[in-house]
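A.B. asks: Pasting a structure here, questions to come.
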Amino acid sequence: MNSSALKRGTPSLSQGEGWGEKPDVPQLLEVRDLQVAYGGIQAVKGISLQVAPGELVALIGSNGAGKTTTLKTLAGIIAPVSGQIDYDGNSLIGRAAHRRVAQGMALVPEGRGVFARLTVRENLQMGAYTRSDTLGIAADLERMYERFPRLYERRDQLAGTLSGGEQQMVAMARALMSRPRLLMLDEPSMGLAPLMVKKIFETIQEVASQGMSIILVEQNARLALQVAQRGYVMESGKITLSGESRELLGSDAVQRAYLGG
Amino acid sequence: METFLQQIINGLVQGSVYALVALGYTMVYGILGLINFAHGEVVMVGAMLVISSLTAMLSWGVPLLLALPISVVLAMAGCMALGYSIERIAYRPLRHAPRLAPLITAIGVSILLQNLAMMIWGREYHAFPQLIVSQPHHIGGAIINDIQIIIIIMALAIMAGLMLLVHRTRLGRAMRAVAENQHAAQLMGVDVNRVISVTFMLGSALAAIAGLMVSANYGLAHYYMGFLLGLKAFTAAVLGGIGNLRGAMLGGLLLGLIESLGAGYIGDLTGGFMGSQYQDVFAFFVLIAVLVFRPSGLLGEQLAERA
């Protein structure tokens with residue numbers, strides 16, 4: 001199929017080459033030649049990617065491709081070996097994870113990382129840890145309960161007693177409580193029933209439409225590319241393909257490797 | 001009956017002290033999975049600081065009502081600084097080391113502090129200044145004095161305050177979050193190192209109060225007093241379920257009662273063969289029994305997962 005519009009290999013740094021990037025709009029996140037070693041293994045071997053303000057970008061690839069490591073590095077949990085991460089025009093290299101949260105980055109980690117021994121409400125309050133606007137926090141808490149009525153019903157329950165889908169809601173709502181500018185989601189659909197996946201993806205689209213930038217890591221490539229504007233394909237620690245979502249969806253390589261066609 | 005009531009009173013007083021010290025053990029364990037064996041020495045330093053500063057101020061003619069609070073604040077500040085330094089210097093570099101390394105380091109810190117205290121305060125017993133004429137009260141044939149009443153009330157108030165802090169404040173929420181999942185807490189914007197430091201300082205402040213209580217109750221302090229006290233408070237924490245705050249309080253009070261009742265009746269039980277000097281045996285009998293029959297403690301649940 002038409003894969004000629006796709007870029008192979010690491011996207012070049014020069015702007016204005018197309019692919020939906022508007023040359024004059026500054027990127028919210030700009031990653032250049034990032035290399036990360038994790039547990040003695042070179043998990044990320046020099047990737048570059050950009051996220052513009054308000055953009056929903058999918059990062060797809062098979063298990064062990066380095067997607068989770070990439071997100072953890074962006075969040076500051078793992079330190080990179082080399083490369084540049086610029087967020088909002090400033091380098092993040094050497095900046096502690098908790099400071100990145102205060103600057104508007106939020107990661108919903110793989111496996112959700114819900115605090116099982118805290119109540120649902122306390123989990124959401126933890127999401128607002130870096131904020132001090134008491135009234136705004138209370139208002140956002142109400143908003144989350146409206147978005148996820150299930151969490152309102154269970155607000156005083158320990159989060160560990162919730163189902164997997166409900167815990168994913170807690171993790172999402174908790175991340176949103178920090179009012180992030182860049183939301184990073186690691187496999188939000190993993191282990192969830194189809195109905196719950198639908199609910200989670202509706203939420204993703206909704207917050208994206210409100211202008212939040214999102215990086216979506218997914219094994220379910222079709223689902224991810226359906227909601228994202230652009231996508232990157234990662235294989236063995238490298239970005240092998242990138243471009244507009246509909247082009248990736250139509251490309252032979254992606255079809256064969258990730259869409260089962 | 002009179003003996004029984006008297007032993008209950010003694011047990012509650014001693015148990016209050018154990019509970020405060022056990023809280024320090026359990027808070028640190030809950031957050032780092034580390035048994036801070038130097039914690040008993042922090043209690044000792046607290047007692048020494050109170051006695052030294054109080055004695056000095058009284059000799060300068062500072063009125064008691066001013067000298068006592070100042071010396072308590074001084075001791076708390078000193079112990080908090082000590083607790084902070086212990087974590088920063090001895091434990092933090094070993095945060096990701098195998099579990100044995102910080103454990104041995106803790107024992108090393110404990111010995112170091114004992115020896116430093118011996119160099120500063122000497123080997124002799126230090127007397128707690130006679131502050132008030134502690135009035136004995138008679139309840140059903142048993143005697144309780146003012147200092148003991150103050151100890152029990154203070155301990156209960158401090159424990160209630162700690163529970164409020166841990167369960168009702170932003171800091172307490174962060175402490176529980178860090179205890180459960182440090183990575184996830186970081187992702188919420190929590191400065192994990194700061195929370196750990198604060199935890200050590202809180203535990204040390206409680207230790208300072210405990211040091212004040214023990215030395216006021218017995219009228220004495222000694223550079224070696226932290227060892228046995230620390231070991232018993234650790235037993236109390238294990239009895240209640242280490243890592244569990246309510247468990248530490250319950251374990252402390254129970255251990256105090258067991259010890260005191262045991263000491264009160266051991267003579268009768270053994271036909272006079274063993275006397276109350278065997279009091280210490282009970283604490284360690286309890287420790288062994290708990291470890292054999294219920295290693296997770298009375299209120300603990302998830303020890304197997306952590307250990």
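Order determines the names: the first chain of the structure tokens is A, the second B, and so forth; residues in each chain are numbered 1 upward, and ligands are numbered 1 upward as they are shown.
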Provide as an mmCIF file with C-alpha atoms, in the first residue's frame the residues of chain B at most 10 Å from chain A, counting only C-alpha atoms.
C.D. replies:
data_model
loop_
_atom_site.group_PDB
_atom_site.id
_atom_site.type_symbol
_atom_site.label_atom_id
_atom_site.label_comp_id
_atom_site.auth_asym_id
_atom_site.auth_seq_id
_atom_site.Cartn_x
_atom_site.Cartn_y
_atom_site.Cartn_z
ATOM 1 C CA HIS B 167 -3.995 9.678 58.222
ATOM 2 C CA ARG B 168 -5.282 13.208 57.826
ATOM 3 C CA ARG B 170 -0.824 15.735 52.985
ATOM 4 C CA LEU B 171 2.527 14.761 54.522
ATOM 5 C CA ARG B 173 -0.532 10.656 52.793
ATOM 6 C CA ALA B 174 2.829 11.074 51.114
ATOM 7 C CA ARG B 176 1.991 6.128 53.257
ATOM 8 C CA ALA B 177 2.367 6.441 49.503
ATOM 9 C CA VAL B 178 6.164 6.222 49.733
ATOM 10 C CA ALA B 179 5.866 3.247 52.085
ATOM 11 C CA GLU B 180 3.775 1.439 49.527
ATOM 12 C CA ASN B 181 5.432 2.309 46.228
ATOM 13 C CA GLN B 182 8.357 4.726 45.970
ATOM 14 C CA HIS B 183 8.309 4.910 42.175
ATOM 15 C CA ALA B 184 4.614 5.680 42.021
ATOM 16 C CA ALA B 185 5.018 8.280 44.762
ATOM 17 C CA GLN B 186 7.764 9.957 42.724
ATOM 18 C CA LEU B 187 5.393 10.061 39.768
ATOM 19 C CA MET B 188 2.974 12.028 41.940
ATOM 20 C CA GLY B 189 5.672 14.635 42.499
ATOM 21 C CA VAL B 190 6.703 13.430 45.952
ATOM 22 C CA ASP B 191 10.315 14.085 46.887
ATOM 23 C CA VAL B 192 10.928 10.597 48.270
#
A.B. asks: List every residue of range 128-207 of chain A that DSSP, applied to the backbone of this structure, places in strand (DSSP E or B), and write the result as a list in words.
C.D. replies: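 Reading the DSSP output for range 128-207 of chain A, strand (DSSP E or B) covers Leu158, Leu182, Leu183, Met184, Leu185 and Asp186 of chain A.
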A.B. asks: For Leu248 in chain A, please output as a VMD selection string all residues within 9 Å (counting only C-alpha atoms; exclusion window: fewer than 4 positions along the same chain).
C.D. replies: chain A and resid 3 6 225 230 to 233 241 to 244 252 to 255
A.B. asks: Given the selection you just returned, output its residues as a file containing N, CA and C atoms, formatted as a PDB file, in the first residue's frame.
C.D. replies:
ATOM      1  N   SER A   3       3.003   3.440   1.270  1.00  0.00           N
ATOM      2  CA  SER A   3       3.901   3.704   2.386  1.00  0.00           C
ATOM      3  C   SER A   3       4.954   4.721   2.003  1.00  0.00           C
ATOM      4  N   LEU A   6       5.660   7.656   4.326  1.00  0.00           N
ATOM      5  CA  LEU A   6       6.210   7.402   5.655  1.00  0.00           C
ATOM      6  C   LEU A   6       7.712   7.605   5.674  1.00  0.00           C
ATOM      7  N   LEU A 225      -3.527   3.877  16.990  1.00  0.00           N
ATOM      8  CA  LEU A 225      -3.425   4.707  15.790  1.00  0.00           C
ATOM      9  C   LEU A 225      -4.762   5.313  15.401  1.00  0.00           C
ATOM     10  N   ARG A 230      -0.395  11.212  15.154  1.00  0.00           N
ATOM     11  CA  ARG A 230       0.831  10.686  14.565  1.00  0.00           C
ATOM     12  C   ARG A 230       1.268   9.463  15.355  1.00  0.00           C
ATOM     13  N   GLY A 231       2.176   8.701  14.765  1.00  0.00           N
ATOM     14  CA  GLY A 231       2.647   7.526  15.470  1.00  0.00           C
ATOM     15  C   GLY A 231       4.113   7.263  15.195  1.00  0.00           C
ATOM     16  N   TYR A 232       4.742   6.621  16.145  1.00  0.00           N
ATOM     17  CA  TYR A 232       6.101   6.126  15.973  1.00  0.00           C
ATOM     18  C   TYR A 232       6.074   4.623  16.177  1.00  0.00           C
ATOM     19  N   VAL A 233       6.796   3.904  15.338  1.00  0.00           N
ATOM     20  CA  VAL A 233       6.897   2.456  15.503  1.00  0.00           C
ATOM     21  C   VAL A 233       8.275   2.140  16.053  1.00  0.00           C
ATOM     22  N   LEU A 241       9.869   3.536  12.055  1.00  0.00           N
ATOM     23  CA  LEU A 241       8.888   4.112  11.146  1.00  0.00           C
ATOM     24  C   LEU A 241       8.133   5.199  11.895  1.00  0.00           C
ATOM     25  N   SER A 242       7.819   6.280  11.194  1.00  0.00           N
ATOM     26  CA  SER A 242       6.996   7.284  11.855  1.00  0.00           C
ATOM     27  C   SER A 242       6.179   8.013  10.817  1.00  0.00           C
ATOM     28  N   GLY A 243       5.108   8.606  11.244  1.00  0.00           N
ATOM     29  CA  GLY A 243       4.277   9.352  10.307  1.00  0.00           C
ATOM     30  C   GLY A 243       2.875   9.543  10.830  1.00  0.00           C
ATOM     31  N   GLU A 244       2.009  10.025   9.937  1.00  0.00           N
ATOM     32  CA  GLU A 244       0.624  10.242  10.317  1.00  0.00           C
ATOM     33  C   GLU A 244      -0.044   8.899  10.593  1.00  0.00           C
ATOM     34  N   ASP A 252       2.030  -1.343   4.650  1.00  0.00           N
ATOM     35  CA  ASP A 252       2.193  -2.803   4.624  1.00  0.00           C
ATOM     36  C   ASP A 252       2.959  -3.293   5.832  1.00  0.00           C
ATOM     37  N   ALA A 253       4.058  -2.588   6.135  1.00  0.00           N
ATOM     38  CA  ALA A 253       4.926  -3.037   7.226  1.00  0.00           C
ATOM     39  C   ALA A 253       4.161  -3.087   8.541  1.00  0.00           C
ATOM     40  N   VAL A 254       3.420  -2.024   8.811  1.00  0.00           N
ATOM     41  CA  VAL A 254       2.674  -1.976  10.062  1.00  0.00           C
ATOM     42  C   VAL A 254       1.561  -3.016  10.046  1.00  0.00           C
ATOM     43  N   GLN A 255       0.889  -3.122   8.909  1.00  0.00           N
ATOM     44  CA  GLN A 255      -0.174  -4.124   8.777  1.00  0.00           C
ATOM     45  C   GLN A 255       0.354  -5.508   9.146  1.00  0.00           C
TER      46      GLN A 255
END
A.B. asks: Within 12 Å of Val73 in chain B, counting only C-alpha atoms, which residues qualify if same-chain residues fewer than 3 places away don't, as number ranges by chain?
C.D. replies: B: 46, 49-50, 53-54, 66-70, 76-80, 205-206, 208-209, 212
A.B. asks: Using only C-alpha atoms, pick whichever of B:Gly211, B:Gly11, B:Gly240, B:Gly252 has the shortest atom-to-atom distance to Met159 in chain B.
C.D. replies: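 Ranking B:Gly211, B:Gly11, B:Gly240, B:Gly252 by distance to Met159 in chain B, first place goes to B:Gly252.
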A.B. asks: Skip Arg123 in chain B itself and residues of its chain fewer than 4 positions away, then list as a ChimeraX atom specification all residues within 10 Å of it, counting only C-alpha atoms.
C.D. replies: /B:115,117-119,222-224
A.B. asks: So which one's closest to Ile151 in chain B, B:Gly33, B:Gly15, B:Gly267, B:Gly243? Using only C-alpha atoms, please.
C.D. replies: B:Gly15
A.B. asks: Rounded to one decimal, what separation in Å do you get between CA of Val195 in chain B and CA of Arg143 in chain A?
C.D. replies: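 According to the coordinates, CA of Val195 in chain B and CA of Arg143 in chain A are separated by 29.2 Å.
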A.B. asks: Check the smallest atom-to-atom distance from each of B:Asn217, B:Leu202, B:Leu74, B:Ile158 to Asn145 in chain B using only C-alpha atoms, then report the winner.
C.D. replies: B:Asn217
A.B. asks: Please determine, counting only C-alpha atoms, which residue among A:Ile47, A:Ala37, A:Ala208, A:Leu59 has the shortest atom-to-atom distance to Leu183 in chain A.
C.D. replies: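 Using only C-alpha atoms, the shortest distance to Leu183 in chain A belongs to A:Ala208.
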A.B. asks: Please, what distance in Å, to one decimal, runs between CA of Val42 in chain B and CA of Tyr84 in chain B?
C.D. replies: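 These atoms are spaced 11.1 Å apart.
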A.B. asks: If we count only C-alpha atoms and set the cut-off at 7 Å, which residues sit around Leu298 in chain B, ignoring sequence neighbours fewer than 3 positions away in its own chain? Please answer as a ChimeraX atom specification.
C.D. replies: /B:239-241,247
A.B. asks: Determine which residues of range 59-236 of chain A receive a DSSP assignment of alpha helix (DSSP H), computed from the backbone, and state them as number ranges by chain.
C.D. replies: A: 67-75, 97-102, 120-127, 134-147, 149-153, 164-176, 194-209, 221-227
A.B. asks: Would you please work out which residue, of B:Gln277, B:Thr235, B:Ser204, B:Gln6, is nearest to Tyr18 in chain B when using only C-alpha atoms?
C.D. replies: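 Of all the options, B:Thr235 lies closest to Tyr18 in chain B.
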A.B. asks: Can you work out which one of A:Val57, A:Val81, A:Leu29, A:Leu158 has the shortest atom-to-atom distance to Gln226 in chain A, counting only C-alpha atoms?
C.D. replies: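 Of all the options, A:Val57 lies closest to Gln226 in chain A.
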A.B. asks: Need to verify the contact set: Tyr152 in chain A, 12 Å, only C-alpha atoms, exclusion of same-chain residues closer than 4 positions in sequence. Can you return it as a ChimeraX atom specification?
C.D. replies: /A:119-121,124,141-148,156-157,166,169-170,173
